[in-house]
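run04.csv (CSV, C-alpha atoms) appears below.
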```csv
chain,number,residue,atom,x,y,z
A,909,MET,CA,-31.4,61.5,-64.2
A,910,ASN,CA,-29.7,64.8,-63.2
A,911,GLN,CA,-30.9,66.3,-66.4
A,912,VAL,CA,-34.5,65.6,-65.6
A,913,VAL,CA,-34.2,67.2,-62.1
A,914,ILE,CA,-32.6,70.3,-63.7
A,915,GLU,CA,-35.4,70.6,-66.2
A,916,GLU,CA,-38.1,70.2,-63.5
A,917,THR,CA,-36.5,72.9,-61.4
A,918,LEU,CA,-36.3,75.3,-64.3
A,919,PHE,CA,-39.9,74.6,-65.2
A,920,GLU,CA,-41.0,75.5,-61.6
A,921,GLU,CA,-39.0,78.7,-61.6
A,922,VAL,CA,-40.5,79.8,-64.9
A,923,LEU,CA,-44.0,78.9,-63.7
A,924,SER,CA,-43.4,80.9,-60.5
A,925,GLU,CA,-42.2,83.9,-62.5
A,926,ILE,CA,-45.4,83.8,-64.7
A,927,GLU,CA,-47.6,83.7,-61.7
A,928,GLU,CA,-45.8,86.6,-60.1
A,929,ASN,CA,-45.5,88.9,-63.1
A,930,GLY,CA,-47.9,87.5,-65.7
A,931,LYS,CA,-50.7,89.6,-67.2
A,932,TYR,CA,-53.3,87.1,-66.0
A,933,LYS,CA,-51.9,86.4,-62.5
A,934,ARG,CA,-54.5,85.6,-59.8
A,935,LEU,CA,-55.5,88.7,-57.8
A,936,PRO,CA,-56.3,88.5,-54.1
A,937,PRO,CA,-60.0,88.5,-53.4
A,938,LYS,CA,-61.5,92.0,-52.6
A,939,GLU,CA,-62.5,92.6,-49.0
A,940,LYS,CA,-66.2,92.1,-48.6
A,941,THR,CA,-68.0,95.4,-47.8
A,942,TRP,CA,-71.7,94.2,-47.9
A,943,MET,CA,-73.6,91.3,-46.5
A,944,THR,CA,-77.1,90.1,-46.8
A,945,VAL,CA,-79.7,90.7,-44.1
A,946,LEU,CA,-79.8,86.9,-43.6
A,947,GLU,CA,-76.0,86.9,-42.9
A,948,MET,CA,-76.4,89.8,-40.5
A,949,GLY,CA,-79.2,87.9,-38.7
A,950,ASN,CA,-77.1,84.8,-38.5
A,951,LEU,CA,-74.2,86.8,-36.9
A,952,LEU,CA,-76.6,87.9,-34.1
A,953,GLY,CA,-78.6,84.7,-33.9
A,954,LEU,CA,-81.8,86.5,-35.0
A,955,LYS,CA,-84.8,85.1,-36.7
A,956,LYS,CA,-86.5,86.9,-39.7
A,957,THR,CA,-88.6,89.2,-37.7
A,958,GLY,CA,-85.7,90.3,-35.5
A,959,ARG,CA,-83.4,90.8,-38.6
A,960,TYR,CA,-85.8,93.1,-40.4
A,961,TRP,CA,-86.8,95.0,-37.2
A,962,LEU,CA,-83.1,96.0,-36.9
A,963,VAL,CA,-83.0,97.0,-40.6
A,964,GLN,CA,-86.0,99.2,-40.2
A,965,LYS,CA,-84.4,101.0,-37.2
A,966,ASN,CA,-81.7,102.4,-39.4
A,967,TYR,CA,-79.0,101.6,-36.9
A,968,PHE,CA,-76.6,100.9,-39.7
A,969,GLU,CA,-76.5,101.5,-43.5
A,970,CYS,CA,-78.7,99.3,-45.6
A,971,ARG,CA,-79.0,99.4,-49.4
A,972,GLU,CA,-80.8,97.4,-52.1
A,973,ILE,CA,-78.2,95.9,-54.4
A,974,ALA,CA,-79.2,93.7,-57.4
A,975,GLY,CA,-82.7,93.5,-56.0
A,976,GLN,CA,-81.7,92.3,-52.6
A,977,MET,CA,-81.4,94.3,-49.3
A,978,ARG,CA,-77.8,94.3,-48.0
A,979,VAL,CA,-76.1,95.7,-44.9
A,980,ASN,CA,-72.9,97.7,-45.0
A,981,ILE,CA,-70.4,95.7,-42.9
A,982,ALA,CA,-68.4,98.7,-41.7
A,983,SER,CA,-71.5,100.6,-40.5
A,984,PHE,CA,-72.8,97.4,-38.8
A,985,GLU,CA,-69.5,96.9,-36.9
A,986,LYS,CA,-69.6,100.6,-35.8
A,987,TRP,CA,-73.1,100.1,-34.5
A,988,TYR,CA,-72.2,96.8,-32.9
A,989,ALA,CA,-69.2,98.4,-31.0
A,990,ASN,CA,-71.6,101.1,-29.6
A,991,GLN,CA,-74.4,99.0,-28.2
A,992,VAL,CA,-74.7,96.2,-25.7
A,993,LYS,CA,-78.1,94.7,-26.4
A,994,TYR,CA,-77.2,92.4,-29.2
A,995,GLN,CA,-74.3,89.9,-29.2
A,996,LYS,CA,-72.7,87.9,-32.0
A,997,VAL,CA,-73.2,84.2,-31.8
A,998,ASN,CA,-69.5,83.7,-32.4
A,999,GLY,CA,-67.2,86.7,-32.1
A,1000,GLU,CA,-66.2,89.6,-29.9
A,1001,GLU,CA,-68.5,91.1,-27.2
A,1002,PRO,CA,-70.6,94.1,-28.1
A,1003,GLY,CA,-70.1,97.7,-26.9
A,1004,LYS,CA,-66.3,97.9,-27.4
A,1005,ASN,CA,-66.4,101.6,-28.0
A,1006,LEU,CA,-69.3,102.2,-25.7
A,1007,LYS,CA,-67.4,100.7,-22.8
A,1008,LYS,CA,-64.5,103.0,-23.5
A,1009,TRP,CA,-66.4,106.1,-22.5
A,1010,SER,CA,-69.2,105.0,-20.3
A,1011,TYR,CA,-70.3,102.6,-17.5
A,1012,SER,CA,-73.5,100.5,-17.1
A,1013,ILE,CA,-75.5,100.8,-13.9
A,1014,SER,CA,-74.4,97.3,-12.9
A,1015,GLU,CA,-70.7,98.1,-13.5
A,1016,VAL,CA,-71.0,101.2,-11.2
A,1017,ALA,CA,-72.8,99.1,-8.6
A,1018,LYS,CA,-70.1,96.5,-8.7
A,1019,MET,CA,-67.3,99.1,-8.5
A,1020,LEU,CA,-68.8,100.8,-5.4
A,1021,GLY,CA,-70.0,97.6,-3.8
A,1022,ILE,CA,-73.6,98.8,-3.6
A,1023,SER,CA,-77.0,97.8,-5.2
A,1024,GLU,CA,-78.2,99.0,-8.6
A,1025,THR,CA,-81.2,100.6,-6.8
A,1026,THR,CA,-78.7,102.7,-4.8
A,1027,VAL,CA,-77.0,103.8,-8.0
A,1028,TYR,CA,-80.3,105.0,-9.5
A,1029,ASP,CA,-80.9,106.8,-6.2
A,1030,LEU,CA,-77.5,108.5,-6.4
A,1031,ILE,CA,-78.2,109.5,-10.1
A,1032,LYS,CA,-81.4,111.2,-9.0
A,1033,ARG,CA,-80.2,112.7,-5.7
A,1034,ASP,CA,-76.7,114.0,-6.9
A,1035,GLY,CA,-77.7,114.8,-10.5
A,1036,ILE,CA,-75.1,112.4,-12.1
A,1037,LYS,CA,-75.3,112.9,-15.9
A,1038,THR,CA,-76.4,109.8,-17.9
A,1039,VAL,CA,-77.1,108.9,-21.5
A,1040,THR,CA,-79.6,106.4,-22.9
A,1041,VAL,CA,-78.3,103.9,-25.5
A,1042,ASP,CA,-80.9,101.4,-26.9
A,1043,TYR,CA,-83.2,102.0,-23.9
A,1044,TRP,CA,-80.2,101.3,-21.5
A,1045,ILE,CA,-79.1,104.0,-19.1
A,1046,ARG,CA,-75.3,104.5,-19.0
A,1047,ILE,CA,-73.1,106.9,-17.1
A,1048,PRO,CA,-70.3,108.6,-19.0
A,1049,LYS,CA,-67.0,108.0,-17.2
A,1050,LYS,CA,-66.2,111.7,-17.1
A,1051,SER,CA,-69.4,112.6,-15.3
A,1052,PHE,CA,-68.9,109.6,-12.9
A,1053,GLN,CA,-65.4,110.7,-12.1
A,1054,GLU,CA,-66.6,114.3,-11.5
A,1055,TRP,CA,-69.2,113.0,-9.0
A,1056,TYR,CA,-66.8,110.5,-7.4
A,1057,GLU,CA,-64.2,113.2,-6.6
A,1058,LYS,CA,-66.7,115.4,-4.9
A,1059,GLN,CA,-67.7,112.8,-2.3
A,1060,SER,CA,-65.9,110.3,-0.1
A,1061,LYS,CA,-68.8,108.1,1.2
A,1062,TYR,CA,-68.9,105.7,-1.7
A,1063,ARG,CA,-65.5,104.1,-2.7
A,1064,THR,CA,-64.2,101.7,-5.3
A,1065,HIS,CA,-62.6,98.4,-4.2
A,1066,LYS,CA,-59.2,99.9,-4.9
A,1067,ASP,CA,-59.8,103.0,-2.9
A,1068,ARG,CA,-61.4,101.0,-0.1
A,1069,ARG,CA,-58.1,99.1,0.3
A,1070,LYS,CA,-56.3,102.4,0.5
A,1071,ASP,CA,-58.9,103.6,3.0
A,1072,GLU,CA,-58.3,100.5,5.2
A,1073,GLU,CA,-54.6,101.4,5.3
A,1074,LEU,CA,-55.4,105.0,6.3
A,1075,GLU,CA,-57.8,103.7,8.9
A,1076,ASP,CA,-55.1,101.6,10.4
A,1077,ALA,CA,-53.0,104.8,10.7
A,1078,THR,CA,-55.8,106.9,12.2
A,1079,ILE,CA,-58.3,107.0,15.1
A,1080,THR,CA,-61.9,108.4,15.3
A,1081,MET,CA,-63.0,111.1,17.7
A,1082,PRO,CA,-64.9,108.5,19.9
A,1083,GLU,CA,-61.7,106.4,19.9
A,1084,MET,CA,-59.7,109.4,21.1
A,1085,ALA,CA,-62.2,110.0,23.8
A,1086,ARG,CA,-62.0,106.4,25.0
A,1087,LEU,CA,-58.2,106.4,25.0
A,1088,LEU,CA,-58.1,109.6,27.1
A,1089,GLY,CA,-61.1,108.6,29.3
A,1090,ILE,CA,-63.0,111.8,28.4
A,1091,THR,CA,-66.2,112.7,26.6
A,1092,ARG,CA,-66.5,113.2,22.9
A,1093,SER,CA,-67.4,116.9,23.5
A,1094,GLN,CA,-64.2,117.3,25.4
A,1095,VAL,CA,-62.3,115.9,22.4
A,1096,TYR,CA,-63.9,118.5,20.1
A,1097,GLY,CA,-62.9,121.1,22.7
A,1098,ILE,CA,-59.2,119.9,22.5
A,1099,LEU,CA,-59.2,120.0,18.7
A,1100,LYS,CA,-60.5,123.6,18.7
A,1101,ASN,CA,-58.2,124.8,21.5
A,1102,SER,CA,-55.3,126.8,20.1
A,1103,LYS,CA,-53.1,125.3,22.9
A,1104,TYR,CA,-53.5,121.8,21.4
A,1105,SER,CA,-54.9,122.1,17.9
A,1106,HIS,CA,-51.4,122.5,16.3
A,1107,PHE,CA,-50.6,118.9,17.3
A,1108,PHE,CA,-53.3,117.3,15.3
A,1109,GLU,CA,-53.5,116.2,11.7
A,1110,THR,CA,-56.9,115.0,10.4
A,1111,ILE,CA,-58.1,113.3,7.2
A,1112,VAL,CA,-61.6,112.5,6.0
A,1113,ILE,CA,-62.4,108.8,5.2
A,1114,ALA,CA,-66.0,107.9,4.0
A,1115,GLU,CA,-67.2,111.4,5.1
A,1116,LYS,CA,-65.8,110.9,8.6
A,1117,LYS,CA,-63.0,113.0,10.1
A,1118,ARG,CA,-60.2,110.9,11.6
A,1119,ILE,CA,-57.1,111.8,13.6
A,1120,THR,CA,-53.7,110.4,12.5
A,1121,LYS,CA,-52.1,108.2,15.2
A,1122,GLU,CA,-48.8,110.0,14.6
A,1123,SER,CA,-50.3,113.4,15.4
A,1124,PHE,CA,-52.1,111.9,18.4
A,1125,GLN,CA,-48.8,110.6,19.7
A,1126,LYS,CA,-47.3,114.1,19.3
A,1127,PHE,CA,-50.1,115.5,21.4
A,1128,LEU,CA,-49.4,112.9,24.1
A,1129,ASP,CA,-45.7,113.7,24.1
A,1130,GLY,CA,-46.2,117.5,23.8
A,1131,GLN,CA,-48.3,118.2,26.9
A,1132,ASP,CA,-48.7,116.8,30.4
A,1133,TYR,CA,-52.4,117.4,31.2
A,1134,TYR,CA,-54.0,114.7,29.2
A,1135,LYS,CA,-52.8,111.1,29.6
A,1136,LEU,CA,-53.9,107.7,28.3
A,1137,ASP,CA,-56.7,106.3,30.5
A,1138,SER,CA,-55.4,103.2,32.4
A,1139,ALA,CA,-59.0,101.8,32.0
A,1140,ASN,CA,-58.0,100.8,28.5
A,1141,ASP,CA,-55.1,98.6,29.7
A,1142,TYR,CA,-55.1,95.0,29.0
A,1143,GLU,CA,-54.6,92.8,32.1
A,1144,GLU,CA,-50.8,92.5,32.1
A,1145,LEU,CA,-50.3,96.2,31.4
A,1146,SER,CA,-52.7,97.1,34.3
A,1147,MET,CA,-50.4,95.0,36.6
A,1148,GLU,CA,-47.3,97.0,35.6
A,1149,GLN,CA,-45.8,98.7,38.7
A,1150,ASN,CA,-43.4,101.0,36.9
A,1151,PHE,CA,-45.6,104.0,36.0
A,1152,SER,CA,-43.2,105.5,33.5
A,1153,LEU,CA,-42.8,102.1,31.7
A,1154,ALA,CA,-46.6,101.6,31.8
A,1155,ASN,CA,-47.3,105.0,30.2
A,1156,TYR,CA,-44.6,104.3,27.6
A,1157,ARG,CA,-46.3,101.1,26.7
A,1158,ARG,CA,-49.7,102.8,26.5
A,1159,LYS,CA,-48.4,105.3,24.1
A,1160,LYS,CA,-46.8,102.6,22.0
A,1161,LEU,CA,-50.1,100.6,22.0
A,1162,ALA,CA,-52.0,103.7,21.0
A,1163,LYS,CA,-49.6,104.3,18.1
A,1164,THR,CA,-49.4,100.7,16.8
A,1165,GLY,CA,-52.5,99.0,18.1
A,1166,ASP,CA,-50.4,95.9,18.5
A,1167,ARG,CA,-49.7,94.4,21.9
A,1168,SER,CA,-46.8,92.3,20.6
A,1169,LYS,CA,-44.9,95.5,20.1
A,1170,ASN,CA,-44.8,95.9,23.9
A,1171,GLY,CA,-42.8,93.8,26.4
A,1172,ASN,CA,-44.4,92.2,29.5
A,1173,LEU,CA,-43.7,91.6,33.2
A,1174,GLY,CA,-40.8,89.3,32.5
A,1175,TYR,CA,-39.2,90.7,29.3
A,1176,LEU,CA,-38.5,94.1,27.8
A,1177,THR,CA,-38.3,95.2,24.2
A,1178,PHE,CA,-35.0,96.8,23.2
A,1179,ASP,CA,-36.9,100.1,22.9
A,1180,GLU,CA,-38.2,99.8,26.4
A,1181,ALA,CA,-34.8,99.0,27.8
A,1182,ALA,CA,-33.4,102.0,26.0
A,1183,PHE,CA,-36.2,104.1,27.4
A,1184,LEU,CA,-35.5,103.0,31.0
A,1185,ALA,CA,-31.7,103.5,30.6
A,1186,LYS,CA,-32.2,106.8,28.8
A,1187,VAL,CA,-29.9,105.7,26.0
A,1188,SER,CA,-30.3,104.8,22.3
A,1189,ARG,CA,-31.4,101.5,21.1
A,1190,GLY,CA,-28.0,101.0,19.5
A,1191,MET,CA,-26.4,101.3,23.0
A,1192,ILE,CA,-28.6,98.4,24.2
A,1193,TYR,CA,-27.2,96.2,21.4
A,1194,LYS,CA,-23.6,97.3,22.4
A,1195,TRP,CA,-24.2,96.4,26.1
A,1196,ILE,CA,-25.5,93.0,25.1
A,1197,ASP,CA,-22.5,92.4,22.9
A,1198,ASP,CA,-20.3,93.5,25.8
A,1199,GLY,CA,-22.0,90.9,28.1
A,1200,LYS,CA,-23.5,93.5,30.4
A,1201,PHE,CA,-26.8,91.6,30.3
A,1202,SER,CA,-28.3,89.0,28.1
A,1203,SER,CA,-31.1,88.8,25.5
A,1204,VAL,CA,-33.3,85.9,24.6
A,1205,LYS,CA,-35.2,85.1,21.4
A,1206,ILE,CA,-38.9,84.5,21.8
A,1207,GLY,CA,-40.2,83.2,18.4
A,1208,TYR,CA,-38.8,85.7,15.9
A,1209,ILE,CA,-38.5,88.5,18.4
A,1210,SER,CA,-35.5,89.3,20.6
A,1211,ARG,CA,-36.2,90.5,24.2
A,1212,VAL,CA,-34.1,91.6,27.2
A,1213,LYS,CA,-34.6,89.5,30.4
A,1214,ARG,CA,-36.1,92.1,32.7
A,1215,ASP,CA,-35.0,91.1,36.1
A,1216,GLU,CA,-31.4,90.7,35.0
A,1217,PHE,CA,-31.5,94.1,33.2
A,1218,GLU,CA,-33.0,95.9,36.1
A,1219,VAL,CA,-30.4,94.5,38.6
A,1220,TRP,CA,-27.6,95.7,36.2
A,1221,LEU,CA,-29.2,99.1,35.6
A,1222,LYS,CA,-29.6,99.7,39.4
A,1223,GLU,CA,-25.9,98.8,39.9
A,1224,ARG,CA,-24.9,101.1,37.0
A,1225,GLU,CA,-27.0,104.0,38.5
A,1226,ARG,CA,-25.5,103.3,42.0
A,1227,LYS,CA,-22.0,103.6,40.6
A,1228,GLY,CA,-23.0,106.8,38.7
A,1229,ASN,CA,-22.1,105.5,35.3
```

Would it be possible to restate this file's structure as structure tokens?
Amino acid sequence: MNQVVIEETLFEEVLSEIEENGKYKRLPPKEKTWMTVLEMGNLLGLKKTGRYWLVQKNYFECREIAGQMRVNIASFEKWYANQVKYQKVNGEEPGKNLKKWSYSISEVAKMLGISETTVYDLIKRDGIKTVTVDYWIRIPKKSFQEWYEKQSKYRTHKDRRKDEELEDATITMPEMARLLGITRSQVYGILKNSKYSHFFETIVIAEKKRITKESFQKFLDGQDYYKLDSANDYEELSMEQNFSLANYRRKKLAKTGDRSKNGNLGYLTFDEAAFLAKVSRGMIYKWIDDGKFSSVKIGYISRVKRDEFEVWLKERERKGN
């Protein structure tokens, strides 16, 4: 029995060696380089008229071989990757190479969040360079980028998100006028005035000049003539009796746009307590730890109980500490 197994194993080894090194070993099939017009048409789902119309257009290499018209596969694939009109029934999408260097009108419209009609208007108005491929107008990515960088009105979705972040950190000229309770022309006068112009930093978003909130805050802190208009106060802020604290809160609101960053009639933020005591925020934490006055937690935010703090602060000032 063992002898039979050995002989079978030897036979398989010899057969394998013959197949590997023999003179008549089977060779791998050659890669196909040509296909029939019918095969090409079947790839694209075309009927006879459509198939031969493409052949006559000379989009790819065709040659009569053994009495039959054939299509060069490599040239066909090259053509397929550079057009978008025809699509294979089963296979990759067309225009692989075309999409690497150009956009369609619909792609640009989608990127900018505008209509295709507007894209055509921009091409005509701004002279954006285009190319025509199989009767389809396309915009080379290079020419699109050159146009895009020269304007700021039309933005991609990605840049619009960035613009929203910048808008949150800036105010418009009308907003500045409202905050100060003055006219828009007075705002422009302030921006041009050498006495105040050095405070301001401006940026352009969607072709509109905006003032950074940080620079507006520097303007408020750096001069005493212009103040935030109390007409912009929300109800509780308008009831605030401490003028210095009310102005502090107005500036904070102008900077953050968030009322929750301010305290109220009953509670102070740690920053507000530090402002009233003319000390650092860290000192407020130390005094709380030392039991000078207490703090409470409202939701996720810690606040200083105002009446208790003001009583302690008056006593501290009376003692001259």

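All polymer residues at most 12 Å from (-63.2, 106.7, 18.3), using all atoms listed in the file, appear as Glu1075, Thr1078, Ile1079, Thr1080, Met1081, Pro1082, Glu1083, Met1084, Ala1085, Arg1086, Leu1087, Leu1088, Gly1089, Ile1090, Thr1091, Arg1092, Val1095, Tyr1096, Lys1116, Lys1117, Arg1118, Ile1119, Thr1120, Lys1121 and Ala1162 of chain A.
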
Dump C-alpha atoms for the selected residues as a PDB file, in the frame of the given file?
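So the final result, stored in again08.pdb, reads:
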```pdb
ATOM      1  CA  GLU A1075     -57.800 103.700   8.900  1.00  0.00           C
ATOM      2  CA  THR A1078     -55.800 106.900  12.200  1.00  0.00           C
ATOM      3  CA  ILE A1079     -58.300 107.000  15.100  1.00  0.00           C
ATOM      4  CA  THR A1080     -61.900 108.400  15.300  1.00  0.00           C
ATOM      5  CA  MET A1081     -63.000 111.100  17.700  1.00  0.00           C
ATOM      6  CA  PRO A1082     -64.900 108.500  19.900  1.00  0.00           C
ATOM      7  CA  GLU A1083     -61.700 106.400  19.900  1.00  0.00           C
ATOM      8  CA  MET A1084     -59.700 109.400  21.100  1.00  0.00           C
ATOM      9  CA  ALA A1085     -62.200 110.000  23.800  1.00  0.00           C
ATOM     10  CA  ARG A1086     -62.000 106.400  25.000  1.00  0.00           C
ATOM     11  CA  LEU A1087     -58.200 106.400  25.000  1.00  0.00           C
ATOM     12  CA  LEU A1088     -58.100 109.600  27.100  1.00  0.00           C
ATOM     13  CA  GLY A1089     -61.100 108.600  29.300  1.00  0.00           C
ATOM     14  CA  ILE A1090     -63.000 111.800  28.400  1.00  0.00           C
ATOM     15  CA  THR A1091     -66.200 112.700  26.600  1.00  0.00           C
ATOM     16  CA  ARG A1092     -66.500 113.200  22.900  1.00  0.00           C
ATOM     17  CA  VAL A1095     -62.300 115.900  22.400  1.00  0.00           C
ATOM     18  CA  TYR A1096     -63.900 118.500  20.100  1.00  0.00           C
ATOM     19  CA  LYS A1116     -65.800 110.900   8.600  1.00  0.00           C
ATOM     20  CA  LYS A1117     -63.000 113.000  10.100  1.00  0.00           C
ATOM     21  CA  ARG A1118     -60.200 110.900  11.600  1.00  0.00           C
ATOM     22  CA  ILE A1119     -57.100 111.800  13.600  1.00  0.00           C
ATOM     23  CA  THR A1120     -53.700 110.400  12.500  1.00  0.00           C
ATOM     24  CA  LYS A1121     -52.100 108.200  15.200  1.00  0.00           C
ATOM     25  CA  ALA A1162     -52.000 103.700  21.000  1.00  0.00           C
TER      26      ALA A1162
END
```

| task | Mind checking which residues fall within 12 Å of Lys1126 in chain A, counting all atoms listed in the file, ignoring those fewer than 5 positions away in the same chain, and posting them as a ChimeraX atom specification? | result | /A:1104-1109,1119-1121,1131-1132,1134,1159-1160,1162-1163

| task | Write out as an MDAnalysis selection string the residues lying within 9 Å of Lys956 in chain A, counting all atoms listed in the file and excluding same-chain residues fewer than 3 positions away. | result | chainID A and resid 945:946 949 959:961

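If you measure from each of A:Val1016, A:Ala974, A:Leu962, A:Val997 to Tyr1062 in chain A using all atoms listed in the file, the closest one turns out to be A:Val1016.
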
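Of the residues under consideration (A:Leu1153, A:Ile1206, A:Ile1013, A:Leu951), A:Ile1013 shows the shortest atom-to-atom contact distance to Trp1044 in chain A when counting all atoms listed in the file.
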
| field | Residue nearest Lys993 in chain A among A:Tyr1043, A:Tyr967, A:Trp1195, A:Phe1127 (counting all atoms listed in the file) | value | A:Tyr1043

| query | Could you name the residues that touch Glu969 in chain A at 6 Å or less, counting only C-alpha atoms, but leaving out those on the same chain fewer than 4 positions away, as a VMD selection string? | reply | chain A and resid 979 to 980 983

| message | When you count all atoms listed in the file, which of these residues is closest to Ala1185 in chain A: A:Arg1157, A:Lys986, A:Lys1200, A:Arg1224? | response | A:Arg1224

| task | Write out as a list of chain:residue names which residues come within 7 Å of Ile1036 in chain A when counting only C-alpha atoms, dropping same-chain ones fewer than 3 positions away. | result | A:Ile1031, A:Ser1051, A:Phe1052, A:Trp1055

Those same residues - C-alpha atoms - I'd like them written as a PDB file, in the coordinates of the input.
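Saved result, part.pdb, follows:
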```
ATOM      1  CA  ILE A1031     -78.200 109.500 -10.100  1.00  0.00           C
ATOM      2  CA  SER A1051     -69.400 112.600 -15.300  1.00  0.00           C
ATOM      3  CA  PHE A1052     -68.900 109.600 -12.900  1.00  0.00           C
ATOM      4  CA  TRP A1055     -69.200 113.000  -9.000  1.00  0.00           C
TER       5      TRP A1055
END
```

| task | Might you pull out every residue within 7 Å of Thr1038 in chain A, with all atoms listed in the file counted and same-chain residues fewer than 4 positions away left off, and present them as a PyMOL selection string? | result | chain A and resi 1045-1048

| Atom pair CA of Ala1114 in chain A / CA of Asp1067 in chain A: separation (Å) | 10.5 Å
